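Everything on this sheet refers to the single structure shown next.
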There are 2 protein chains.
Amino acid sequence: MARKRVTLEDVAREAGVSPMTVSRVINNTGRISQATRDRVREIIIELDYRPSRAARTLVTRKTYMIGLVLPDITNPYFAEIVQGVENVAWQRDYSVLLVNTDENTAREQAALSQIEETTVDGIVVCASRLPDDVLLPLIERHQHVVAVNRQVPHHLASVVRSRYAQGHRALRAAELLIEMGRQRIGYIRLARSAIAVEADEFVRAIEARGVPSSPEWCVTCAPNWRAGYEAGRALLSNHPELDALIGGNDLVALGAMRAAIELGRRIPDDLAVVGGDDILMASQVTPALTTFRSPKVEIGTTAAQLLFKRIDGDPNYYEHLYDETLVRRASTG
Amino acid sequence: MARKRVTLEDVAREAGVSPMTVSRVINNTGRISQATRDRVREIIIELDYRPSRAARTLVTRKTYMIGLVLPDITNPYFAEIVQGVENVAWQRDYSVLLVNTDENTAREQAALSQIEETTVDGIVVCASRLPDDVLLPLIERHQHVVAVNRQVPHHLASVVRSRYAQGHRALRAAELLIEMGRQRIGYIRLARSAIAVEADEFVRAIEARGVPSSPEWCVTCAPNWRAGYEAGRALLSNHPELDALIGGNDLVALGAMRAAIELGRRIPDDLAVVGGDDILMASQVTPALTTFRSPKVEIGTTAAQLLFKRIDGDPNYYEHLYDETLVRRASTG
DNA sequence: CTGTTAGCGCCTTCAG
DNA sequence: CTGAAGGCGCTAACAG
């Protein structure tokens, strides 16, 4: 059944040249006469020869693959980043090894330590949930890495992240809500997120503006719709006094908004809601969600480009900052 | 800088054993005394030895990677399939090579012909847009392939697909709409989709029920929200008489529904809308979208399982049929 | 239980 | 412009 694999040597024999010549034709390297080049090409097609990646990798040490580690592919935010990375990789004839860690840090850790240089020429790590003391040693072993939405020492990786400080979104959202007269702002922050602000910091920032706040109005949940729904339901049941809600990302905010509606809150009259990354759904629900637009595909393409810069030999690490712009919609009135 | 790679031999030398022994320890194969096993393990850690995948692949002919080819990762439908595939691969210590073809058939073709057996141990192909005469030769070259939502000869690949015939969803939706009294049903079908029904077939099926229809009420568009929006806008502008709309999938139906709302149609009073796969957004918009629920994650896990069956040596190809169940929501009244 | 031998398929290096 | 030799790092198949 499995007829023997066609190798370089087979092609060489058939073409009456040395394996080396065939190799040169394939890689377009060295000087080869047009005649033999054509002849070899013919034989390659005739024999349906396909080079062995493994053999090539063994000697060149290049895999022509990049790794992409992310927490949840079903979050449209990450799906768009994947699209960006994929596009750039495609143009460079690279493949993308996807590792979806399903918000599981153990899995992420395993992935990062197993995806060696022998598997992949470089790595893009998205919004890692791992603490610094676990993540940094892990990326230290890789020659080329780009971190997305995560601060990492400049000598370890390139970085693509928001121009603003961590927690910026939540604080900026709070500011907006206060300006609009909201006085009791709930906050559903994301568990283990590098960009979340701590509850007490959030409380202090709000109180600094002369508005009451409380750590009781802050809850933490996983970054998906279901978790947001449940967190919102719990928070609003326990604290009916809230007149505004900030979600760590759109999915969470949308889940919470659904819970609010089910609990009879009218939005934005009784309750204003703000999200975080502007996924499609945010603009399509009723009322539409006020959120921050982030350039998702661009994040992916830039991350891939910075990675290829390194792969191409540039010894520097870079930092790319992107802007998040507030998009005001009906959920805040 | 790049300190020399640590190899099996280094470990062997340091441990005072033969490379073969080290290999056996790593692969947990053969009988090794506990003493030497421990000793070797120690040295491996001490030297921070990592096996070379390429070298191993070269001799074993196994890459421990599977390929996943799909048209659009930003469609939540496919994102969930990815999640399913990823989970199974993860359990088996396999990696997933993702190829997002961006609805570009040339790219899909390239991917399928380049992702060789030397790169990947098997392939899952989702909803290929390629015509049979292009797709079949392509998958013929691969030892192990699973096709999702696509009919393929039983001797070429395993298949995961809906229990119902092609076009079932659209026809079933039409039936429902007719039952509910709709008389002028528009259809936005997906371009190059294996599950779409042809316009004239659709028209005939409806007329067979004594309801008027017309090919003019059928348009074709790309399977994304934007395209659905534009198709819906055009269709409703040209044919204000329509009182119902069927979309090829949820994204398209949701886009069309948005267009309808912007054109002043009240849903479901003036216009009923039906979608296709039940993504999260379908249940969250207002009015919520009537659609068909498909077991997306299950599709992914099943596809991966069927693939591993083959990889594990089962010579058979299988066919897994899943059910799509109608979910009636407000968009149809 | 452990070692030896012989490649896997390709590319680097050095000769012509 | 082309070829010969050697080795990348690992494991299969046999010996012991």
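In the structure tokens, each chain is lettered A, B, ... as it comes, each chain's residues begin at 1, and ligands are numbered from 1 in order of appearance.
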> Could you write out, as a VMD selection string, all the residues of segment 97-320 of chain A that DSSP marks as alpha helix (DSSP H)?
Replying inline: chain A and resid 105 to 114 132 to 140 168 to 179 199 to 207 225 to 238 250 to 262 280 to 284 296 to 311
> Just asking: which residues within segment 230-263 of chain A are strand (DSSP E or B) according to DSSP, as an MDAnalysis selection string?
Replying inline: chainID A and resid 244:247
Could the residues in this selection be written to a file with N, CA and C atoms, as a JSON list (two decimals), in the first residue's frame?
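The new file result.json reads:
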```
[["chain", "number", "residue", "atom", "x", "y", "z"],
["A", 244, "ALA", "N", -24.72, 51.19, 37.46],
["A", 244, "ALA", "CA", -23.82, 51.04, 36.31],
["A", 244, "ALA", "C", -22.96, 49.79, 36.50],
["A", 245, "LEU", "N", -22.51, 49.25, 35.38],
["A", 245, "LEU", "CA", -21.74, 48.00, 35.42],
["A", 245, "LEU", "C", -20.64, 48.09, 34.37],
["A", 246, "ILE", "N", -19.43, 47.73, 34.77],
["A", 246, "ILE", "CA", -18.32, 47.68, 33.83],
["A", 246, "ILE", "C", -17.88, 46.23, 33.71],
["A", 247, "GLY", "N", -17.77, 45.74, 32.50],
["A", 247, "GLY", "CA", -17.31, 44.37, 32.29],
["A", 247, "GLY", "C", -15.87, 44.36, 31.81]]
```
>> Given only C-alpha atoms as the basis, pick out the residue of B:Arg204, B:Arg56, B:Arg182, B:Arg107 nearest to Val69 of chain B.
In response: B:Arg107
> Looking at A:Leu271, A:Val285, A:Leu306, A:Leu135, which one is nearest to Gly181 of chain A, with distances taken over only C-alpha atoms?
Replying inline: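 Using only C-alpha atoms, the shortest distance to Gly181 of chain A belongs to A:Leu271.
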>> List as a PyMOL selection string the protein and nucleic acid residues near segment 5-15 of chain D, meaning an atom at most 10 Å away when only C-alpha atoms (C1' of nucleotides) are counted, but skip any in the same chain fewer than 6 places from it.
In response: (chain A and resi 55-61) or (chain B and resi 6-9+19-20+23-24+51-60) or (chain C and resi 3-8+10-14)
Using only C-alpha atoms (C1' of nucleotides), what does the table of chain D residues within 7 Å of chain A look like, with each row giving the shortest atom pair and its distance in Å to one decimal, sorted by chain and ascending number, as CSV?
```
residue,atom,partner,partner_atom,distance
D:DC1,C1',A:Ile32,CA,5.9
D:DT2,C1',A:Thr21,CA,6.9
D:DG3,C1',A:Ser18,CA,6.4
D:DC8,C1',A:Val59,CA,4.7
```
> What gap, in Å, lies between atom CA of Gly210 of chain A and atom CA of His239 of chain A?
Replying inline: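 Pair atom CA of Gly210 of chain A / atom CA of His239 of chain A returns 20.1 Å.
Near chain B, within 7 Å and using only C-alpha atoms, the residues of chain A are A:Ser52, A:Arg53, A:Ala54, A:Ala55, A:Thr57, A:Leu58, A:Ile73, A:Thr74, A:Pro76, A:Ala79, A:Glu80, A:Gln83, A:Glu86, A:Ser95, A:Val96, A:Leu97, A:Leu98, A:Asn100, A:Thr118, A:Thr119, A:Met281, A:Gln284, A:Val285, A:Thr286.
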>> Report as a list of chain:residue names all protein, DNA and RNA residues lying within 10 Å of Arg266 of chain B, evaluated on only C-alpha atoms (C1' of nucleotides), omitting residues in the same chain fewer than 6 positions from it.
In response: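 Result of the neighbour search: B:Met257, B:Ala260, B:Ala272, B:Pro287, B:Ser331.
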Saved selection, atoms kept: C-alpha atoms, as a PDB file, in the first residue's frame:
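Contents of result29.pdb, as written:
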```
ATOM      1  CA  MET B 257     -31.849  41.212   9.771  1.00  0.00           C
ATOM      2  CA  ALA B 260     -34.049  44.919   7.322  1.00  0.00           C
ATOM      3  CA  ALA B 272     -39.630  36.817   9.447  1.00  0.00           C
ATOM      4  CA  PRO B 287     -35.529  39.944  18.199  1.00  0.00           C
ATOM      5  CA  SER B 331     -37.577  36.534  14.652  1.00  0.00           C
TER       6      SER B 331
END
```
> Quick one: of B:Asn27, B:Val273, B:Arg37, B:Ser213, who's nearest to chain C, counting only C-alpha atoms (C1' of nucleotides)?
Replying inline: B:Arg37
